[in-house]
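Shown next: my_file_8.pdb, containing PDB, C-alpha atoms and all ligand atoms.
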```pdb
ATOM      1  CA  MET T  88       0.000   0.000   0.000  1.00  0.00           C
ATOM      2  CA  ASP T  89       1.114   3.543  -0.647  1.00  0.00           C
ATOM      3  CA  PHE T  90       0.281   6.422   1.675  1.00  0.00           C
ATOM      4  CA  GLU T  91       0.467  10.139   0.925  1.00  0.00           C
ATOM      5  CA  VAL T  92       1.154  11.648   4.316  1.00  0.00           C
ATOM      6  CA  ALA T  93      -0.750  14.888   3.629  1.00  0.00           C
ATOM      7  CA  LYS T  94      -3.941  12.800   3.253  1.00  0.00           C
ATOM      8  CA  LEU T  95      -3.474  10.876   6.516  1.00  0.00           C
ATOM      9  CA  GLN T  96      -4.598  11.728  10.018  1.00  0.00           C
ATOM     10  CA  THR T  97      -1.901  12.320  12.658  1.00  0.00           C
ATOM     11  CA  ARG T  98      -2.767   9.046  14.370  1.00  0.00           C
ATOM     12  CA  GLN T  99      -2.408   7.087  11.117  1.00  0.00           C
ATOM     13  CA  VAL T 100       1.050   8.555  10.448  1.00  0.00           C
ATOM     14  CA  TYR T 101       2.010   7.618  14.022  1.00  0.00           C
ATOM     15  CA  ASN T 102       0.764   4.049  13.586  1.00  0.00           C
ATOM     16  CA  LEU T 103       2.712   3.544  10.368  1.00  0.00           C
ATOM     17  CA  MET T 104       5.948   5.127  11.551  1.00  0.00           C
ATOM     18  CA  ILE T 105       6.160   3.379  14.908  1.00  0.00           C
ATOM     19  CA  GLY T 106       5.348   0.059  13.249  1.00  0.00           C
ATOM     20  CA  MET T 107       8.291   0.227  10.869  1.00  0.00           C
ATOM     21  CA  ILE T 108      10.922   2.120  12.852  1.00  0.00           C
ATOM     22  CA  THR T 109      11.670  -0.769  15.174  1.00  0.00           C
ATOM     23  CA  PRO T 110      13.048  -1.790  17.540  1.00  0.00           C
ATOM     24  CA  ARG T 111      13.663   1.512  19.267  1.00  0.00           C
ATOM     25  CA  PRO T 112      15.836   2.084  22.326  1.00  0.00           C
ATOM     26  CA  ILE T 113      13.967   3.402  25.341  1.00  0.00           C
ATOM     27  CA  ALA T 114      15.133   6.365  27.387  1.00  0.00           C
ATOM     28  CA  LEU T 115      13.534   6.391  30.826  1.00  0.00           C
ATOM     29  CA  ILE T 116      14.117  10.088  31.451  1.00  0.00           C
ATOM     30  CA  THR T 117      14.371  11.613  34.883  1.00  0.00           C
ATOM     31  CA  SER T 118      13.986  15.393  35.067  1.00  0.00           C
ATOM     32  CA  GLN T 119      13.192  18.001  37.688  1.00  0.00           C
ATOM     33  CA  ASP T 120      11.031  21.103  37.694  1.00  0.00           C
ATOM     34  CA  GLU T 121      12.171  24.466  39.069  1.00  0.00           C
ATOM     35  CA  HIS T 122      10.983  23.458  42.577  1.00  0.00           C
ATOM     36  CA  GLY T 123      12.937  20.195  42.594  1.00  0.00           C
ATOM     37  CA  GLN T 124       9.955  17.893  41.919  1.00  0.00           C
ATOM     38  CA  ILE T 125      11.317  14.783  40.204  1.00  0.00           C
ATOM     39  CA  ASN T 126       9.620  13.280  37.158  1.00  0.00           C
ATOM     40  CA  ALA T 127      10.224  10.073  35.213  1.00  0.00           C
ATOM     41  CA  ALA T 128       8.797   8.965  31.858  1.00  0.00           C
ATOM     42  CA  PRO T 129       9.837   6.647  29.000  1.00  0.00           C
ATOM     43  CA  PHE T 130      10.544   7.863  25.453  1.00  0.00           C
ATOM     44  CA  SER T 131      11.328   5.686  22.463  1.00  0.00           C
ATOM     45  CA  ALA T 132      11.691   8.522  19.950  1.00  0.00           C
ATOM     46  CA  PHE T 133      15.242   8.386  21.210  1.00  0.00           C
ATOM     47  CA  ASN T 134      18.729   7.775  19.923  1.00  0.00           C
ATOM     48  CA  TYR T 135      22.265   9.111  19.906  1.00  0.00           C
ATOM     49  CA  PHE T 136      23.120  11.364  16.985  1.00  0.00           C
ATOM     50  CA  CYS T 137      26.853  11.880  17.365  1.00  0.00           C
ATOM     51  CA  THR T 138      29.607  11.115  19.820  1.00  0.00           C
ATOM     52  CA  ASP T 139      32.005  13.989  19.132  1.00  0.00           C
ATOM     53  CA  PRO T 140      30.455  15.817  20.891  1.00  0.00           C
ATOM     54  CA  PRO T 141      28.161  13.212  22.470  1.00  0.00           C
ATOM     55  CA  ILE T 142      24.590  14.237  21.640  1.00  0.00           C
ATOM     56  CA  VAL T 143      21.368  12.313  22.217  1.00  0.00           C
ATOM     57  CA  GLY T 144      17.956  13.345  20.937  1.00  0.00           C
ATOM     58  CA  VAL T 145      14.457  12.712  22.208  1.00  0.00           C
ATOM     59  CA  GLY T 146      11.141  13.509  20.551  1.00  0.00           C
ATOM     60  CA  VAL T 147       8.433  14.586  22.973  1.00  0.00           C
ATOM     61  CA  THR T 148       4.950  15.229  21.618  1.00  0.00           C
ATOM     62  CA  ASN T 149       2.640  17.558  23.500  1.00  0.00           C
ATOM     63  CA  ARG T 150      -0.117  16.042  25.609  1.00  0.00           C
ATOM     64  CA  PRO T 151      -2.576  14.043  23.506  1.00  0.00           C
ATOM     65  CA  GLU T 152      -5.557  15.600  25.313  1.00  0.00           C
ATOM     66  CA  ALA T 153      -4.228  19.174  25.031  1.00  0.00           C
ATOM     67  CA  VAL T 154      -1.918  19.390  22.037  1.00  0.00           C
ATOM     68  CA  THR T 155      -0.468  22.791  22.938  1.00  0.00           C
ATOM     69  CA  VAL T 156       0.584  21.684  26.444  1.00  0.00           C
ATOM     70  CA  PRO T 157       4.017  20.044  26.794  1.00  0.00           C
ATOM     71  CA  LYS T 158       4.484  16.820  28.752  1.00  0.00           C
ATOM     72  CA  ASP T 159       6.150  17.254  32.148  1.00  0.00           C
ATOM     73  CA  THR T 160       9.506  15.999  30.817  1.00  0.00           C
ATOM     74  CA  ALA T 161       9.629  18.693  28.109  1.00  0.00           C
ATOM     75  CA  HIS T 162       8.398  21.341  30.555  1.00  0.00           C
ATOM     76  CA  ASN T 163      11.088  20.421  33.080  1.00  0.00           C
ATOM     77  CA  ILE T 164      13.964  20.331  30.582  1.00  0.00           C
ATOM     78  CA  ARG T 165      12.914  23.758  29.305  1.00  0.00           C
ATOM     79  CA  ARG T 166      13.030  25.087  32.897  1.00  0.00           C
ATOM     80  CA  THR T 167      16.084  23.364  34.396  1.00  0.00           C
ATOM     81  CA  HIS T 168      18.048  22.307  31.263  1.00  0.00           C
ATOM     82  CA  GLU T 169      19.142  18.933  32.607  1.00  0.00           C
ATOM     83  CA  PHE T 170      17.959  15.327  32.407  1.00  0.00           C
ATOM     84  CA  VAL T 171      19.161  11.785  32.884  1.00  0.00           C
ATOM     85  CA  VAL T 172      18.568   8.953  30.398  1.00  0.00           C
ATOM     86  CA  ASN T 173      18.148   5.726  32.366  1.00  0.00           C
ATOM     87  CA  VAL T 174      18.617   2.664  30.149  1.00  0.00           C
ATOM     88  CA  VAL T 175      15.674   0.229  30.188  1.00  0.00           C
ATOM     89  CA  THR T 176      16.558  -3.423  30.703  1.00  0.00           C
ATOM     90  CA  GLU T 177      14.380  -6.532  31.155  1.00  0.00           C
ATOM     91  CA  ASP T 178      14.382  -6.357  34.929  1.00  0.00           C
ATOM     92  CA  ILE T 179      12.935  -2.830  35.109  1.00  0.00           C
ATOM     93  CA  LEU T 180      10.497  -3.001  32.168  1.00  0.00           C
ATOM     94  CA  ARG T 181       7.335  -3.253  34.255  1.00  0.00           C
ATOM     95  CA  LYS T 182       8.387  -0.465  36.577  1.00  0.00           C
ATOM     96  CA  MET T 183       9.186   1.669  33.512  1.00  0.00           C
ATOM     97  CA  ASN T 184       5.669   1.028  32.217  1.00  0.00           C
ATOM     98  CA  ILE T 185       4.170   2.430  35.426  1.00  0.00           C
ATOM     99  CA  CYS T 186       6.162   5.634  34.826  1.00  0.00           C
ATOM    100  CA  ALA T 187       4.241   6.063  31.527  1.00  0.00           C
ATOM    101  CA  THR T 188       0.920   6.319  33.364  1.00  0.00           C
ATOM    102  CA  ASP T 189      -0.436   9.830  33.005  1.00  0.00           C
ATOM    103  CA  PHE T 190      -0.198  10.820  36.673  1.00  0.00           C
ATOM    104  CA  PRO T 191      -0.806  14.479  37.646  1.00  0.00           C
ATOM    105  CA  ALA T 192       2.388  16.590  37.630  1.00  0.00           C
ATOM    106  CA  GLU T 193       2.657  16.567  41.443  1.00  0.00           C
ATOM    107  CA  VAL T 194       2.753  12.755  41.611  1.00  0.00           C
ATOM    108  CA  ASN T 195       6.208  11.176  41.721  1.00  0.00           C
ATOM    109  CA  GLU T 196       6.121   8.368  39.128  1.00  0.00           C
ATOM    110  CA  LEU T 197       9.265   6.866  40.619  1.00  0.00           C
ATOM    111  CA  GLU T 198       7.545   6.234  43.942  1.00  0.00           C
ATOM    112  CA  MET T 199       4.482   4.812  42.193  1.00  0.00           C
ATOM    113  CA  ALA T 200       6.745   2.405  40.258  1.00  0.00           C
ATOM    114  CA  GLY T 201       8.827   1.411  43.274  1.00  0.00           C
ATOM    115  CA  PHE T 202      12.012   2.947  41.887  1.00  0.00           C
ATOM    116  CA  THR T 203      14.556   4.696  44.082  1.00  0.00           C
ATOM    117  CA  THR T 204      16.997   7.422  43.064  1.00  0.00           C
ATOM    118  CA  ALA T 205      20.713   8.005  43.480  1.00  0.00           C
ATOM    119  CA  PRO T 206      22.673  11.241  43.029  1.00  0.00           C
ATOM    120  CA  SER T 207      24.102  11.911  39.577  1.00  0.00           C
ATOM    121  CA  MET T 208      27.749  12.867  39.067  1.00  0.00           C
ATOM    122  CA  MET T 209      27.442  16.069  37.012  1.00  0.00           C
ATOM    123  CA  VAL T 210      23.779  17.145  37.010  1.00  0.00           C
ATOM    124  CA  LYS T 211      21.314  17.922  39.792  1.00  0.00           C
ATOM    125  CA  VAL T 212      18.685  15.527  38.416  1.00  0.00           C
ATOM    126  CA  PRO T 213      19.093  12.145  40.122  1.00  0.00           C
ATOM    127  CA  ARG T 214      19.425   8.887  38.228  1.00  0.00           C
ATOM    128  CA  ILE T 215      17.332   5.781  38.868  1.00  0.00           C
ATOM    129  CA  ARG T 216      19.291   3.496  41.167  1.00  0.00           C
ATOM    130  CA  GLU T 217      17.772   0.321  39.717  1.00  0.00           C
ATOM    131  CA  ALA T 218      18.873   1.222  36.149  1.00  0.00           C
ATOM    132  CA  HIS T 219      22.157  -0.475  35.252  1.00  0.00           C
ATOM    133  CA  ALA T 220      23.300   2.349  32.982  1.00  0.00           C
ATOM    134  CA  SER T 221      22.563   6.049  32.661  1.00  0.00           C
ATOM    135  CA  LEU T 222      23.584   9.108  30.662  1.00  0.00           C
ATOM    136  CA  GLU T 223      23.620  12.494  32.370  1.00  0.00           C
ATOM    137  CA  CYS T 224      22.660  15.225  29.917  1.00  0.00           C
ATOM    138  CA  ARG T 225      22.521  19.004  29.654  1.00  0.00           C
ATOM    139  CA  GLU T 226      20.065  20.496  27.168  1.00  0.00           C
ATOM    140  CA  TYR T 227      22.000  21.485  24.041  1.00  0.00           C
ATOM    141  CA  THR T 228      19.023  22.869  22.169  1.00  0.00           C
ATOM    142  CA  THR T 229      15.312  22.234  21.742  1.00  0.00           C
ATOM    143  CA  MET T 230      13.447  22.523  18.455  1.00  0.00           C
ATOM    144  CA  GLU T 231       9.722  23.194  18.701  1.00  0.00           C
ATOM    145  CA  ILE T 232       8.167  21.622  15.623  1.00  0.00           C
ATOM    146  CA  GLY T 233       4.383  21.653  15.378  1.00  0.00           C
ATOM    147  CA  ASN T 234       2.962  19.880  18.436  1.00  0.00           C
ATOM    148  CA  SER T 235       6.277  18.271  19.307  1.00  0.00           C
ATOM    149  CA  ARG T 236       9.722  19.080  20.591  1.00  0.00           C
ATOM    150  CA  ILE T 237      13.004  17.541  19.626  1.00  0.00           C
ATOM    151  CA  ILE T 238      15.297  17.911  22.591  1.00  0.00           C
ATOM    152  CA  LEU T 239      19.014  17.477  22.033  1.00  0.00           C
ATOM    153  CA  GLY T 240      21.087  16.753  25.111  1.00  0.00           C
ATOM    154  CA  GLN T 241      24.834  16.797  25.473  1.00  0.00           C
ATOM    155  CA  VAL T 242      26.030  13.813  27.487  1.00  0.00           C
ATOM    156  CA  VAL T 243      28.250  15.024  30.335  1.00  0.00           C
ATOM    157  CA  ALA T 244      28.600  11.802  32.350  1.00  0.00           C
ATOM    158  CA  ILE T 245      28.137   8.093  31.678  1.00  0.00           C
ATOM    159  CA  ARG T 246      27.509   5.547  34.410  1.00  0.00           C
ATOM    160  CA  VAL T 247      27.342   1.773  34.057  1.00  0.00           C
ATOM    161  CA  ASP T 248      27.335  -0.984  36.688  1.00  0.00           C
ATOM    162  CA  ASP T 249      30.861  -2.453  36.754  1.00  0.00           C
ATOM    163  CA  GLN T 250      29.644  -5.930  35.816  1.00  0.00           C
ATOM    164  CA  PHE T 251      28.546  -4.663  32.400  1.00  0.00           C
ATOM    165  CA  VAL T 252      31.837  -2.972  31.487  1.00  0.00           C
ATOM    166  CA  ASP T 253      34.847  -4.535  29.814  1.00  0.00           C
ATOM    167  CA  PRO T 254      37.477  -1.990  30.876  1.00  0.00           C
ATOM    168  CA  SER T 255      39.810  -2.803  27.954  1.00  0.00           C
ATOM    169  CA  GLY T 256      37.810  -0.573  25.566  1.00  0.00           C
ATOM    170  CA  PRO T 257      36.049   0.365  27.653  1.00  0.00           C
ATOM    171  CA  TYR T 258      33.184  -1.573  26.034  1.00  0.00           C
ATOM    172  CA  ILE T 259      29.676  -2.285  27.240  1.00  0.00           C
ATOM    173  CA  LYS T 260      28.992  -6.012  27.598  1.00  0.00           C
ATOM    174  CA  ALA T 261      25.883  -5.477  25.481  1.00  0.00           C
ATOM    175  CA  GLU T 262      24.921  -9.149  25.324  1.00  0.00           C
ATOM    176  CA  GLU T 263      24.709  -9.234  29.103  1.00  0.00           C
ATOM    177  CA  LEU T 264      22.904  -5.945  29.695  1.00  0.00           C
ATOM    178  CA  HIS T 265      19.577  -7.277  28.310  1.00  0.00           C
ATOM    179  CA  THR T 266      18.225  -3.963  27.065  1.00  0.00           C
ATOM    180  CA  ILE T 267      14.621  -3.839  25.896  1.00  0.00           C
ATOM    181  CA  GLY T 268      13.480  -2.423  22.544  1.00  0.00           C
ATOM    182  CA  ARG T 269      10.162  -0.760  21.836  1.00  0.00           C
ATOM    183  CA  MET T 270       8.167  -2.154  18.926  1.00  0.00           C
ATOM    184  CA  ASN T 271       4.886  -0.895  17.398  1.00  0.00           C
ATOM    185  CA  GLY T 272       3.320   0.634  20.508  1.00  0.00           C
ATOM    186  CA  LEU T 273       0.332  -1.274  21.958  1.00  0.00           C
ATOM    187  CA  GLY T 274       2.488  -2.579  24.799  1.00  0.00           C
ATOM    188  CA  ASN T 275       4.870  -4.414  22.456  1.00  0.00           C
ATOM    189  CA  TYR T 276       8.577  -4.793  23.197  1.00  0.00           C
ATOM    190  CA  VAL T 277      11.471  -7.066  22.240  1.00  0.00           C
ATOM    191  CA  ARG T 278      14.131  -8.647  24.378  1.00  0.00           C
ATOM    192  CA  THR T 279      17.763  -8.573  23.278  1.00  0.00           C
ATOM    193  CA  ARG T 280      18.670 -11.595  25.432  1.00  0.00           C
ATOM    194  CA  ASP T 281      20.057 -14.414  23.238  1.00  0.00           C
ATOM    195  CA  ALA T 282      19.081 -12.414  20.163  1.00  0.00           C
ATOM    196  CA  PHE T 283      22.425 -11.121  18.913  1.00  0.00           C
ATOM    197  CA  LEU T 284      23.553 -11.666  15.316  1.00  0.00           C
ATOM    198  CA  ASN T 285      27.179 -11.049  14.407  1.00  0.00           C
ATOM    199  CA  VAL T 286      27.701  -9.894  10.815  1.00  0.00           C
ATOM    200  CA  PRO T 287      31.170  -8.341  10.467  1.00  0.00           C
ATOM    201  CA  ARG T 288      31.708  -5.725   7.768  1.00  0.00           C
ATOM    202  CA  ILE T 289      33.560  -6.949   4.695  1.00  0.00           C
ATOM    203  CA  PRO T 290      36.824  -5.056   4.052  1.00  0.00           C
ATOM    204  CA  TYR T 291      37.047  -3.962   0.381  1.00  0.00           C
ATOM    205  CA  LYS T 292      40.257  -6.004  -0.079  1.00  0.00           C
ATOM    206  CA  LYS T 293      38.375  -9.130   1.034  1.00  0.00           C
ATOM    207  CA  TRP T 294      35.460  -8.204  -1.243  1.00  0.00           C
ATOM    208  CA  LEU T 295      37.835  -8.149  -4.228  1.00  0.00           C
ATOM    209  CA  GLU T 296      39.029 -11.596  -3.152  1.00  0.00           C
ATOM    210  CA  GLY T 297      35.460 -12.848  -3.412  1.00  0.00           C
ATOM    211  CA  GLU T 298      34.295 -12.718   0.200  1.00  0.00           C
ATOM    212  CA  ARG T 299      30.553 -12.078   0.406  1.00  0.00           C
ATOM    213  CA  GLY T 300      29.938 -12.718   4.099  1.00  0.00           C
ATOM    214  CA  GLU T 301      27.889 -15.880   3.526  1.00  0.00           C
ATOM    215  CA  GLU T 302      27.371 -18.169   6.514  1.00  0.00           C
TER     216      GLU T 302
HETATM  217  C1  LIG M   1       7.818   2.603  25.908  1.00  0.00           C
HETATM  218  C2  LIG M   1       7.200   3.953  25.755  1.00  0.00           C
HETATM  219  C3  LIG M   1       7.753   4.864  24.887  1.00  0.00           C
HETATM  220  C4  LIG M   1       7.224   6.149  24.771  1.00  0.00           C
HETATM  221  N1  LIG M   1       7.800   7.018  23.899  1.00  0.00           N
HETATM  222  C5  LIG M   1       7.331   8.275  23.790  1.00  0.00           C
HETATM  223  C6  LIG M   1       7.976   9.204  22.909  1.00  0.00           C
HETATM  224  O1  LIG M   1       8.957   8.901  22.258  1.00  0.00           O
HETATM  225  N2  LIG M   1       7.473  10.477  22.866  1.00  0.00           N
HETATM  226  C7  LIG M   1       6.406  10.858  23.619  1.00  0.00           C
HETATM  227  O2  LIG M   1       6.013  12.012  23.556  1.00  0.00           O
HETATM  228  N3  LIG M   1       5.779   9.999  24.459  1.00  0.00           N
HETATM  229  C8  LIG M   1       6.226   8.724  24.574  1.00  0.00           C
HETATM  230  N4  LIG M   1       5.625   7.842  25.437  1.00  0.00           N
HETATM  231  C9  LIG M   1       4.526   8.322  26.287  1.00  0.00           C
HETATM  232  C10 LIG M   1       5.051   9.042  27.532  1.00  0.00           C
HETATM  233  O3  LIG M   1       5.916   8.219  28.283  1.00  0.00           O
HETATM  234  C11 LIG M   1       3.848   9.436  28.414  1.00  0.00           C
HETATM  235  O4  LIG M   1       3.077  10.401  27.711  1.00  0.00           O
HETATM  236  C12 LIG M   1       4.234   9.975  29.772  1.00  0.00           C
HETATM  237  O5  LIG M   1       3.083  10.016  30.588  1.00  0.00           O
HETATM  238  C13 LIG M   1       4.828  11.373  29.732  1.00  0.00           C
HETATM  239  O6  LIG M   1       5.157  11.710  31.043  1.00  0.00           O
HETATM  240  P1  LIG M   1       5.501  13.178  31.557  1.00  0.00           P
HETATM  241  O7  LIG M   1       4.295  14.066  31.305  1.00  0.00           O
HETATM  242  O8  LIG M   1       5.775  12.929  32.993  1.00  0.00           O
HETATM  243  O9  LIG M   1       6.704  13.656  30.784  1.00  0.00           O
HETATM  244  C14 LIG M   1       6.098   6.533  25.539  1.00  0.00           C
HETATM  245  C15 LIG M   1       5.514   5.599  26.408  1.00  0.00           C
HETATM  246  C16 LIG M   1       6.057   4.323  26.508  1.00  0.00           C
HETATM  247  C17 LIG M   1       5.411   3.331  27.455  1.00  0.00           C
END
```

With the file now loaded, output its structure as C-alpha cells.
Amino acid sequence: MDFEVAKLQTRQVYNLMIGMITPRPIALITSQDEHGQINAAPFSAFNYFCTDPPIVGVGVTNRPEAVTVPKDTAHNIRRTHEFVVNVVTEDILRKMNICATDFPAEVNELEMAGFTTAPSMMVKVPRIREAHASLECREYTTMEIGNSRIILGQVVAIRVDDQFVDPSGPYIKAEELHTIGRMNGLGNYVRTRDAFLNVPRIPYKKWLEGERGEE
C-alpha cells in the first residue's frame, strides 16, 4: 500500500511510523522542575546522533488531550536544562511502564513504580538506582516543531554498573545488559537476550578476493 502523508490523520502517520521504525531504544528520562519535583517517563523517539560531541535526541509530543501543552519531561527540561537517560533493561520493564501512566504533575512516578533514586555525578537531576546504565545530559538545544519538541542533550557523564563494562575498551557487555526495545506501541517490546547476530563488515580487499559474508 502507498500512503500520501498529507492525506493521513496524525494518528495514522504515528501508527505507520512506529510500526516500521523498530526496535527503538527506550530512554527512561528523569527530570526536575524548578521546585525540585522529580519526574520520570519513557521515550522511544530516542537515539544518539553523534559522539564527538556526544549528543542524544528525544522527541516529545505535546499532551494528547491538550496538544499545545508540553508533557512534564519537556516542561522540566525547558526550565532546568538537565535530564538523565536511564537505560531500560528486562528487569525494570514493568516499573518503567508504570512511569508512563499519566499521573498528575505533582505525583512522583518513581515512587508509584517502586524505583529509588541516586545522586548523579554532574547534574542535579538524580538517576534511577535500579537502572544499570545512565547518561547524564545538559540540554543542548530544543526545536519546537508543530505539536512536538526535539530535545538534544549533550552527554556530560556516563555511568554503568561495573559488571557490564569490559574496561579494555572500555566496552559495554551489550549481550549481558539485556536492554529492551520498543516495537509498534500497543504494549509491544522485544528482548535482546540471546538475540544477537554477528555480521562483520567486509573489508574492500576481502570483497575483491570474493568474500561475500555468507554463513
Ligand atoms: C515505551 C514507551 C515509549 C514512549 N515514547 C514516547 C515518545 O517517544 N514520545 C512521547 O512524547 N511519548 C512517549 N511515550 C509516552 C510518555 O511516556 C507518556 O506520555 C508519559 O506520561 C509522559 O510523562 P511526563 O508528562 O511525565 O513527561 C512513551 C511511552 C512508553 C510506554

Enumerate, as a list in words, the residues matched when the PyMOL selection byres (((chain T and resi 146-160) around 9) and not hetatm) is run on the file above.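 After applying the PyMOL selection byres (((chain T and resi 146-160) around 9) and not hetatm), what remains is Ile116, Thr117, Ser118, Gln119, Asp120, Asn126, Ala127, Ala128, Phe130, Ser131, Ala132, Phe133, Gly144, Val145, Ala161, His162, Asn163, Ile164, Arg165, Phe170, Ala192, Gly233, Asn234, Ser235, Arg236, Ile237, Ile238 and Leu239 of chain T.
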
Considering only C-alpha atoms, give me a table of residues in segment 115-230 of chain T that are at most 12 Å from segment 278-281 of chain T, with the closest atom pair and distance in Å for each, as a tab-separated table.
```
residue	atom	partner	partner_atom	distance
T:Val175	CA	T:Arg278	CA	10.7
T:Thr176	CA	T:Arg278	CA	8.6
T:Glu177	CA	T:Arg278	CA	7.1
T:Asp178	CA	T:Arg278	CA	10.8
T:Leu180	CA	T:Arg278	CA	10.3
```

#### Entry: Top pick for closest residue to ligand LIG 1 (chain M), considering T:Glu262, T:Glu193, T:Glu121, T:Glu302 and counting all atoms listed in the file
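The shortest atom-to-atom distance to ligand LIG 1 (chain M) comes from T:Glu193.
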
Can you pull out every residue within 10 Å of Gly300 of chain T, counting only C-alpha atoms, but drop anything in the same chain fewer than 3 positions away, and send it as a PyMOL selection string? chain T and resi 286-289+293-294+297

Q) Of the residues T:Met230, T:Lys182, T:Val171, T:Pro254, which is the one nearest to Pro206 of chain T, using only C-alpha atoms? A)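 Comparing T:Met230, T:Lys182, T:Val171, T:Pro254 against Pro206 of chain T, the winner is T:Val171.
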
Between atom CA of Ile142 of chain T and atom CA of Val100 of chain T lies a distance of 26.7 Å

task: Rank nothing, just name the residue among T:Ile108, T:Met183, T:Leu197, T:Ile113 nearest to Tyr135 of chain T, using all atoms listed in the file.
output: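 With all atoms listed in the file as the atom set, the closest residue is T:Ile113.
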
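Note that atom O8 of ligand LIG 1 (chain M) and atom CA of Asn195 of chain T are 8.9 Å apart.
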
Q | Atom-to-atom span, atom CA of Arg98 of chain T and atom CA of Gly240 of chain T, Å | A |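 That distance, rounded to one decimal, is 27.3 Å.
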
task: Give as a ChimeraX atom specification every residue, naming chains and numbers as the document does, that has an atom within 7 Å of (19.2, 21.0, 31.0), counting only C-alpha atoms.
output: /T:164,167-170,224-226

Padding 8 Å on every side, please: axis-aligned box over the listed atoms of ligand LIG 1 (chain M), centre and edge lengths to one decimal in Å, as lines of an AutoDock Vina configuration file.
```
center_x = 6.0
center_y = 8.3
center_z = 27.6
size_x = 21.9
size_y = 27.5
size_z = 26.7
```

### Task
Extract, using only C-alpha atoms, all DNA, RNA and protein residues at most 7 Å from Ile215 of chain T, discarding same-chain residues fewer than 5 positions from it, and format them as a list in words.
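With the cut-off at 7 Å, the set is Asn173, Phe202, Thr203, Thr204 and Ala205 of chain T.
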
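Distance check against ligand LIG 1 (chain M) using all atoms listed in the file: of T:Gly272, T:Pro257, T:Gly106, T:Pro129, the minimum falls on T:Pro129.
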
Exactly which residues make up the result of the PyMOL selection byres (((chain T and resi 222) around 6) and not hetatm) on this file, given as a short mmCIF file (atom, residue, chain, number, x, y, z; two decimals) with C-alpha atoms, in the coordinates of the input?
```cif
data_model
loop_
_atom_site.label_atom_id
_atom_site.label_comp_id
_atom_site.auth_asym_id
_atom_site.auth_seq_id
_atom_site.Cartn_x
_atom_site.Cartn_y
_atom_site.Cartn_z
CA VAL T 171 19.16 11.78 32.88
CA VAL T 172 18.57 8.95 30.40
CA SER T 221 22.56 6.05 32.66
CA GLU T 223 23.62 12.49 32.37
CA ALA T 244 28.60 11.80 32.35
CA ILE T 245 28.14 8.09 31.68
#
```

To verify the selection step, state as a compact mmCIF listing (two decimals) with C-alpha atoms, in the coordinates of the input which residues the PyMOL selection byres (((chain T and resi 269) around 8) and not hetatm) yields on this input.
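Result file follows (expr-v9.txt):
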```txt
# COMPACT_ATOMS: atom_id res chain seq x y z
CA THR T 109 11.67 -0.77 15.17
CA PRO T 110 13.05 -1.79 17.54
CA ARG T 111 13.66 1.51 19.27
CA PRO T 112 15.84 2.08 22.33
CA ILE T 113 13.97 3.40 25.34
CA SER T 131 11.33 5.69 22.46
CA ILE T 267 14.62 -3.84 25.90
CA GLY T 268 13.48 -2.42 22.54
CA MET T 270 8.17 -2.15 18.93
CA ASN T 271 4.89 -0.90 17.40
CA GLY T 272 3.32 0.63 20.51
CA ASN T 275 4.87 -4.41 22.46
CA TYR T 276 8.58 -4.79 23.20
CA VAL T 277 11.47 -7.07 22.24
```

Check the smallest atom-to-atom distance from each of T:Gly201, T:Pro191, T:Pro290, T:Pro213 to ligand LIG 1 (chain M) using only C-alpha atoms and all ligand atoms, then report the winner.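 Under the stated criterion, the closest residue is T:Pro191.
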